[in-house]
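Inspection log for the structure reproduced underneath, given as structure tokens.
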Amino acid sequence: MRKIIIFAFLTATNFILAQEETEKKFQAGLTFGTGVNLNKTATKKMAVNGVGSNLSVGVGLNYFMTNSIGAHFGLELDFENNKIRPSDVTSPSYYQFSDTKILKSDEAEGGTYFQYTNRTQKPIYLTIPTELYFRTKYFGYLRFFGKFGLRSSFLLGNKIFDEGFMFENNSLAGNKIAAENNTMKAAGDMSFLRETVGFTLGAEYNFSGSTSVFAELGYYYGFIPVYRSNKEKNQTLFYFDQTNNGQRTYYSNDMTQSQLHIKIGLLF
């Protein structure tokens, strides 16, 4: 009986010490995330073609002022995939290009015409989350947490993949030829900054000393458009306005983006 009591006492002591060891002011770790982009257009000239996708890798840092309240910071790379299309089939959208560059309106003379019907954009962002962090005490080896704050994303690059038509003799009056334009670039097409605000709920499991794994689900609402509203000289897409004698009219895409994001990681 005495051996059982001693064993139980030592086990409880080790358990308490293990939990106390994890109550550090700083936690740092590696993160991996995936999710969907919920895109919403704000112009009649474009439509969303299904949900987008997101894949992220990065590092995170938690700093705690108390055992239950702290702040979360991070540095993440987001690899994304969004699909759009023209919304008005009676007034198709066009652009002109040279090699892999989509030309702006003030440099389009002499470019090759392309009518796009589906577009996939693959931007890469550097994302810096800054969030308040709230967590419970441990229930055994498990505790729960919530975060609220901003995800600020800075555009590093953007590749465009288009499906559509080219034209015989590069004349819009010529026969259409089905074609794809891959790895195209359009300078100034997307906004440099994407800002979202949201919250996450998650759980952390301590399995060895101060080392833990965690999983979380978050929703972030986008309040800055992901496309830039350019002046006409910097716009690339155009249509022929039949209400204005068929005049060529340039426009900018306009879309806001919210995200559902699942993240897992390892904390030390």
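How things are named: the first chain in the structure tokens is A, the next is B, and so on; residues count from 1 in each chain; ligands count from 1 in the order shown.
When the distance limit is 7 Å and only C-alpha atoms are what count, the residues near range 45-51 of chain A, minus those fewer than 6 positions from it on the same chain, are Val36, Asn37, Leu38, Asn39, Lys83, Ile84, Arg85, Pro86, Ser87, Asp88 and Asn253 of chain A.
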Dump as a short mmCIF file (atom, residue, chain, number, x, y, z; two decimals), in the first residue's frame, selection limited to N, CA and C atoms:
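Final output, saved to again-v6.cif:
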```
data_model
loop_
_atom_site.label_atom_id
_atom_site.label_comp_id
_atom_site.auth_asym_id
_atom_site.auth_seq_id
_atom_site.Cartn_x
_atom_site.Cartn_y
_atom_site.Cartn_z
N VAL A 36 -9.66 28.08 -47.15
CA VAL A 36 -10.37 28.52 -48.36
C VAL A 36 -10.52 30.03 -48.32
N ASN A 37 -10.48 30.63 -49.50
CA ASN A 37 -10.71 32.06 -49.67
C ASN A 37 -12.15 32.28 -50.12
N LEU A 38 -12.88 33.08 -49.37
CA LEU A 38 -14.27 33.38 -49.68
C LEU A 38 -14.29 34.75 -50.34
N ASN A 39 -14.31 34.75 -51.67
CA ASN A 39 -14.15 35.97 -52.44
C ASN A 39 -15.51 36.58 -52.80
N LYS A 83 -9.93 32.04 -58.44
CA LYS A 83 -10.46 31.92 -59.80
C LYS A 83 -11.57 32.95 -60.02
N ILE A 84 -11.47 33.66 -61.14
CA ILE A 84 -12.49 34.63 -61.52
C ILE A 84 -12.83 34.46 -62.99
N ARG A 85 -13.85 35.14 -63.43
CA ARG A 85 -14.26 35.13 -64.84
C ARG A 85 -15.04 36.40 -65.13
N PRO A 86 -15.18 36.77 -66.41
CA PRO A 86 -16.05 37.90 -66.74
C PRO A 86 -17.50 37.54 -66.43
N SER A 87 -18.26 38.48 -65.96
CA SER A 87 -19.64 38.20 -65.58
C SER A 87 -20.63 38.48 -66.71
N ASP A 88 -20.25 39.29 -67.68
CA ASP A 88 -21.16 39.71 -68.74
C ASP A 88 -20.76 39.04 -70.05
N ASN A 253 -10.55 45.22 -61.87
CA ASN A 253 -11.26 44.25 -61.06
C ASN A 253 -11.42 44.79 -59.64
#
```
Report as a PDB file with C-alpha atoms, in the first residue's frame: the residues of range 25-246 of chain A with a DSSP assignment of strand (DSSP E), based on the backbone of this structure.
```
ATOM      1  CA  PHE A  26       7.468  32.971 -24.437  1.00  0.00           C
ATOM      2  CA  GLN A  27       6.473  30.185 -26.815  1.00  0.00           C
ATOM      3  CA  ALA A  28       7.940  29.894 -30.280  1.00  0.00           C
ATOM      4  CA  GLY A  29       7.141  27.346 -32.938  1.00  0.00           C
ATOM      5  CA  LEU A  30       6.521  26.249 -36.494  1.00  0.00           C
ATOM      6  CA  THR A  31       3.133  26.511 -38.211  1.00  0.00           C
ATOM      7  CA  PHE A  32       1.405  24.977 -41.208  1.00  0.00           C
ATOM      8  CA  GLY A  33      -1.979  26.121 -42.451  1.00  0.00           C
ATOM      9  CA  THR A  34      -4.535  25.561 -45.153  1.00  0.00           C
ATOM     10  CA  GLY A  35      -7.938  26.973 -45.899  1.00  0.00           C
ATOM     11  CA  VAL A  36     -10.366  28.518 -48.359  1.00  0.00           C
ATOM     12  CA  ASN A  37     -10.713  32.065 -49.672  1.00  0.00           C
ATOM     13  CA  LEU A  38     -14.267  33.384 -49.680  1.00  0.00           C
ATOM     14  CA  ASN A  39     -14.151  35.975 -52.437  1.00  0.00           C
ATOM     15  CA  LYS A  40     -16.818  38.614 -53.087  1.00  0.00           C
ATOM     16  CA  THR A  41     -16.786  40.890 -56.111  1.00  0.00           C
ATOM     17  CA  MET A  46     -16.223  40.136 -62.994  1.00  0.00           C
ATOM     18  CA  ALA A  47     -17.549  37.126 -61.092  1.00  0.00           C
ATOM     19  CA  VAL A  48     -16.052  34.642 -58.661  1.00  0.00           C
ATOM     20  CA  GLY A  52     -10.098  29.977 -53.632  1.00  0.00           C
ATOM     21  CA  SER A  53      -7.486  28.040 -51.691  1.00  0.00           C
ATOM     22  CA  ASN A  54      -4.683  28.944 -49.304  1.00  0.00           C
ATOM     23  CA  LEU A  55      -1.562  27.149 -48.116  1.00  0.00           C
ATOM     24  CA  SER A  56       0.751  28.727 -45.525  1.00  0.00           C
ATOM     25  CA  VAL A  57       3.990  27.894 -43.712  1.00  0.00           C
ATOM     26  CA  GLY A  58       5.717  29.996 -41.111  1.00  0.00           C
ATOM     27  CA  VAL A  59       6.875  30.648 -37.579  1.00  0.00           C
ATOM     28  CA  GLY A  60       4.963  31.995 -34.594  1.00  0.00           C
ATOM     29  CA  LEU A  61       5.733  33.620 -31.257  1.00  0.00           C
ATOM     30  CA  ASN A  62       3.457  33.838 -28.203  1.00  0.00           C
ATOM     31  CA  TYR A  63       4.206  36.256 -25.370  1.00  0.00           C
ATOM     32  CA  PHE A  64       2.167  36.091 -22.161  1.00  0.00           C
ATOM     33  CA  ILE A  69      -3.569  36.525 -21.500  1.00  0.00           C
ATOM     34  CA  GLY A  70      -0.910  37.232 -24.090  1.00  0.00           C
ATOM     35  CA  ALA A  71      -0.122  38.282 -27.633  1.00  0.00           C
ATOM     36  CA  HIS A  72       0.625  36.300 -30.788  1.00  0.00           C
ATOM     37  CA  PHE A  73       2.970  37.377 -33.588  1.00  0.00           C
ATOM     38  CA  GLY A  74       4.084  35.496 -36.664  1.00  0.00           C
ATOM     39  CA  LEU A  75       5.761  35.466 -40.025  1.00  0.00           C
ATOM     40  CA  GLU A  76       4.091  33.329 -42.709  1.00  0.00           C
ATOM     41  CA  LEU A  77       4.260  32.703 -46.435  1.00  0.00           C
ATOM     42  CA  ASP A  78       0.829  32.301 -48.063  1.00  0.00           C
ATOM     43  CA  PHE A  79       0.520  30.515 -51.412  1.00  0.00           C
ATOM     44  CA  GLU A  80      -2.936  31.153 -52.840  1.00  0.00           C
ATOM     45  CA  ASN A  81      -5.164  30.208 -55.730  1.00  0.00           C
ATOM     46  CA  ASN A  82      -8.184  32.317 -56.778  1.00  0.00           C
ATOM     47  CA  LYS A  83     -10.458  31.923 -59.795  1.00  0.00           C
ATOM     48  CA  ILE A  84     -12.488  34.633 -61.515  1.00  0.00           C
ATOM     49  CA  ARG A  85     -14.260  35.128 -64.842  1.00  0.00           C
ATOM     50  CA  PRO A  86     -16.050  37.900 -66.740  1.00  0.00           C
ATOM     51  CA  TYR A  94     -10.135  41.529 -73.501  1.00  0.00           C
ATOM     52  CA  TYR A  95      -6.541  42.545 -72.930  1.00  0.00           C
ATOM     53  CA  GLN A  96      -3.385  42.854 -75.001  1.00  0.00           C
ATOM     54  CA  PHE A  97      -0.095  41.228 -74.120  1.00  0.00           C
ATOM     55  CA  SER A  98       3.518  40.881 -75.191  1.00  0.00           C
ATOM     56  CA  LYS A 101       3.400  40.747 -69.849  1.00  0.00           C
ATOM     57  CA  ILE A 102      -0.191  41.963 -69.878  1.00  0.00           C
ATOM     58  CA  THR A 112      -1.558  40.617 -79.128  1.00  0.00           C
ATOM     59  CA  TYR A 113      -5.291  40.485 -78.364  1.00  0.00           C
ATOM     60  CA  PHE A 114      -6.681  37.936 -75.919  1.00  0.00           C
ATOM     61  CA  GLN A 115     -10.263  37.373 -74.794  1.00  0.00           C
ATOM     62  CA  TYR A 116     -10.218  35.745 -71.375  1.00  0.00           C
ATOM     63  CA  THR A 117     -13.064  33.506 -70.200  1.00  0.00           C
ATOM     64  CA  ASN A 118     -11.521  32.033 -67.022  1.00  0.00           C
ATOM     65  CA  ARG A 119      -8.635  33.317 -64.918  1.00  0.00           C
ATOM     66  CA  THR A 120      -6.664  31.664 -62.131  1.00  0.00           C
ATOM     67  CA  GLN A 121      -4.463  33.966 -60.096  1.00  0.00           C
ATOM     68  CA  LYS A 122      -1.727  32.577 -57.850  1.00  0.00           C
ATOM     69  CA  PRO A 123      -0.477  35.320 -55.539  1.00  0.00           C
ATOM     70  CA  ILE A 124       2.192  34.830 -52.862  1.00  0.00           C
ATOM     71  CA  TYR A 125       1.915  36.894 -49.675  1.00  0.00           C
ATOM     72  CA  LEU A 126       4.128  37.554 -46.681  1.00  0.00           C
ATOM     73  CA  THR A 127       1.684  37.603 -43.767  1.00  0.00           C
ATOM     74  CA  ILE A 128       2.269  39.073 -40.305  1.00  0.00           C
ATOM     75  CA  PRO A 129      -0.423  38.144 -37.756  1.00  0.00           C
ATOM     76  CA  THR A 130      -0.754  40.342 -34.643  1.00  0.00           C
ATOM     77  CA  GLU A 131      -3.376  39.005 -32.257  1.00  0.00           C
ATOM     78  CA  LEU A 132      -4.468  38.944 -28.629  1.00  0.00           C
ATOM     79  CA  TYR A 133      -4.167  35.453 -27.146  1.00  0.00           C
ATOM     80  CA  PHE A 134      -6.421  34.013 -24.429  1.00  0.00           C
ATOM     81  CA  ARG A 135      -5.968  30.513 -22.973  1.00  0.00           C
ATOM     82  CA  LEU A 142      -4.940  19.716 -22.824  1.00  0.00           C
ATOM     83  CA  ARG A 143      -5.968  23.359 -22.767  1.00  0.00           C
ATOM     84  CA  PHE A 144      -7.983  25.613 -25.033  1.00  0.00           C
ATOM     85  CA  PHE A 145      -7.302  29.052 -26.457  1.00  0.00           C
ATOM     86  CA  GLY A 146      -8.742  31.820 -28.559  1.00  0.00           C
ATOM     87  CA  LYS A 147      -7.121  34.613 -30.572  1.00  0.00           C
ATOM     88  CA  PHE A 148      -8.433  37.874 -31.979  1.00  0.00           C
ATOM     89  CA  GLY A 149      -6.663  40.375 -34.198  1.00  0.00           C
ATOM     90  CA  LEU A 150      -5.234  41.238 -37.604  1.00  0.00           C
ATOM     91  CA  ARG A 151      -3.534  39.338 -40.400  1.00  0.00           C
ATOM     92  CA  SER A 152      -1.602  41.855 -42.515  1.00  0.00           C
ATOM     93  CA  SER A 153      -0.464  40.411 -45.861  1.00  0.00           C
ATOM     94  CA  PHE A 154       2.030  41.956 -48.278  1.00  0.00           C
ATOM     95  CA  LEU A 155       2.037  40.863 -51.917  1.00  0.00           C
ATOM     96  CA  LEU A 156       5.345  39.323 -53.026  1.00  0.00           C
ATOM     97  CA  GLY A 157       4.309  38.124 -56.479  1.00  0.00           C
ATOM     98  CA  ASN A 158       1.365  37.137 -58.650  1.00  0.00           C
ATOM     99  CA  LYS A 159       1.123  34.767 -61.627  1.00  0.00           C
ATOM    100  CA  ILE A 160      -1.907  34.746 -63.929  1.00  0.00           C
ATOM    101  CA  PHE A 161      -3.212  31.721 -65.839  1.00  0.00           C
ATOM    102  CA  ASP A 162      -5.896  32.528 -68.424  1.00  0.00           C
ATOM    103  CA  GLU A 163      -8.181  30.468 -70.630  1.00  0.00           C
ATOM    104  CA  GLY A 164      -9.887  32.054 -73.596  1.00  0.00           C
ATOM    105  CA  PHE A 165      -9.332  32.958 -77.244  1.00  0.00           C
ATOM    106  CA  MET A 166      -6.810  34.545 -79.537  1.00  0.00           C
ATOM    107  CA  PHE A 167      -7.718  35.876 -82.958  1.00  0.00           C
ATOM    108  CA  LYS A 176     -11.420  32.862 -82.645  1.00  0.00           C
ATOM    109  CA  ILE A 177      -8.750  30.316 -81.698  1.00  0.00           C
ATOM    110  CA  ALA A 178      -9.003  28.585 -78.303  1.00  0.00           C
ATOM    111  CA  ALA A 179      -5.852  29.318 -76.304  1.00  0.00           C
ATOM    112  CA  GLU A 180      -4.262  29.485 -72.871  1.00  0.00           C
ATOM    113  CA  ASN A 181      -2.022  32.215 -71.513  1.00  0.00           C
ATOM    114  CA  ASN A 182       0.096  30.830 -68.682  1.00  0.00           C
ATOM    115  CA  THR A 183       2.357  32.512 -66.107  1.00  0.00           C
ATOM    116  CA  MET A 184       1.312  35.979 -67.217  1.00  0.00           C
ATOM    117  CA  LEU A 193      -1.610  45.205 -48.860  1.00  0.00           C
ATOM    118  CA  ARG A 194      -4.376  42.802 -47.849  1.00  0.00           C
ATOM    119  CA  GLU A 195      -5.811  43.370 -44.371  1.00  0.00           C
ATOM    120  CA  THR A 196      -8.116  40.961 -42.539  1.00  0.00           C
ATOM    121  CA  VAL A 197      -9.487  40.896 -38.992  1.00  0.00           C
ATOM    122  CA  GLY A 198     -10.833  37.821 -37.266  1.00  0.00           C
ATOM    123  CA  PHE A 199     -10.694  35.255 -34.512  1.00  0.00           C
ATOM    124  CA  THR A 200      -9.592  31.655 -33.980  1.00  0.00           C
ATOM    125  CA  LEU A 201     -10.452  28.881 -31.545  1.00  0.00           C
ATOM    126  CA  GLY A 202      -8.066  26.050 -30.830  1.00  0.00           C
ATOM    127  CA  ALA A 203      -6.544  23.515 -28.475  1.00  0.00           C
ATOM    128  CA  GLU A 204      -2.988  22.884 -27.285  1.00  0.00           C
ATOM    129  CA  TYR A 205      -1.700  19.493 -26.129  1.00  0.00           C
ATOM    130  CA  ASN A 206       1.452  19.275 -24.018  1.00  0.00           C
ATOM    131  CA  PHE A 207       3.222  15.977 -24.617  1.00  0.00           C
ATOM    132  CA  SER A 208       6.779  16.528 -23.383  1.00  0.00           C
ATOM    133  CA  THR A 211       6.810  21.098 -26.047  1.00  0.00           C
ATOM    134  CA  SER A 212       3.237  21.193 -27.329  1.00  0.00           C
ATOM    135  CA  VAL A 213       1.251  20.675 -30.487  1.00  0.00           C
ATOM    136  CA  PHE A 214      -1.783  22.775 -31.356  1.00  0.00           C
ATOM    137  CA  ALA A 215      -4.615  22.994 -33.843  1.00  0.00           C
ATOM    138  CA  GLU A 216      -6.906  25.949 -34.533  1.00  0.00           C
ATOM    139  CA  LEU A 217      -9.733  27.074 -36.806  1.00  0.00           C
ATOM    140  CA  GLY A 218     -10.080  30.739 -37.691  1.00  0.00           C
ATOM    141  CA  TYR A 219     -12.281  33.102 -39.665  1.00  0.00           C
ATOM    142  CA  TYR A 220     -10.854  36.374 -41.022  1.00  0.00           C
ATOM    143  CA  TYR A 221     -12.885  39.118 -42.667  1.00  0.00           C
ATOM    144  CA  GLY A 222     -11.183  41.097 -45.423  1.00  0.00           C
ATOM    145  CA  LEU A 237      -8.824  44.827 -69.057  1.00  0.00           C
ATOM    146  CA  PHE A 238     -11.325  46.364 -71.437  1.00  0.00           C
ATOM    147  CA  TYR A 239     -14.666  45.745 -73.126  1.00  0.00           C
ATOM    148  CA  PHE A 240     -16.601  47.423 -75.915  1.00  0.00           C
ATOM    149  CA  ASP A 241     -19.418  49.512 -74.460  1.00  0.00           C
TER     150      ASP A 241
END
```
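In this model, the gap between CA of Ser105 in chain A and CA of Gln235 in chain A comes to 5.8 Å.
Proximity to Gln247 in chain A was assessed for A:Tyr141, A:Asn170, A:Ser91, A:Ala186 counting only C-alpha atoms; the smallest distance is recorded for A:Ser91.
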Pick out the residues sitting within 12 Å of Asn234 in chain A, and hand them over as a PyMOL selection string; count only C-alpha atoms, and ignore anything fewer than 5 positions along from it in its own chain. chain A and resi 102-108+186-190+228-229+250-252
Would you write out those residues with C-alpha atoms, as a compact mmCIF listing (two decimals), in the first residue's frame?
```txt
# COMPACT_ATOMS: atom_id res chain seq x y z
CA ILE A 102 -0.19 41.96 -69.88
CA LEU A 103 -0.04 45.50 -71.24
CA LYS A 104 -1.53 48.58 -69.65
CA SER A 105 -3.85 50.80 -71.66
CA ASP A 106 -1.15 53.38 -72.38
CA GLU A 107 1.25 50.75 -73.79
CA ALA A 108 -1.15 48.33 -75.49
CA ALA A 186 0.17 42.30 -64.79
CA ALA A 187 2.03 45.02 -62.91
CA GLY A 188 -0.16 46.80 -60.37
CA ASP A 189 -3.13 44.47 -60.87
CA MET A 190 -3.42 43.42 -57.22
CA ARG A 228 -6.04 47.85 -57.01
CA SER A 229 -8.40 50.50 -58.37
CA TYR A 250 -11.02 49.95 -69.56
CA TYR A 251 -11.83 48.81 -66.02
CA SER A 252 -10.24 47.43 -62.84
```
In Å and to one decimal, CA of Pro225 in chain A is distant from CA of Met255 in chain A by 5.4 Å
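Ranking A:Asn175, A:Thr90, A:Thr43, A:Ser210 by their shortest atom-to-atom distance to Asp254 in chain A, with only C-alpha atoms included, puts A:Thr43 first.
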Taken to one decimal, the CA of Gln259 in chain A-CA of Lys185 in chain A distance is 24.5 Å
message = Give me, as a VMD selection string, the residues of range 74-268 of chain A that a backbone DSSP run labels helix (DSSP H, G or I).
response = chain A and resid 105 to 107 168 to 170 232 to 234 242 to 244
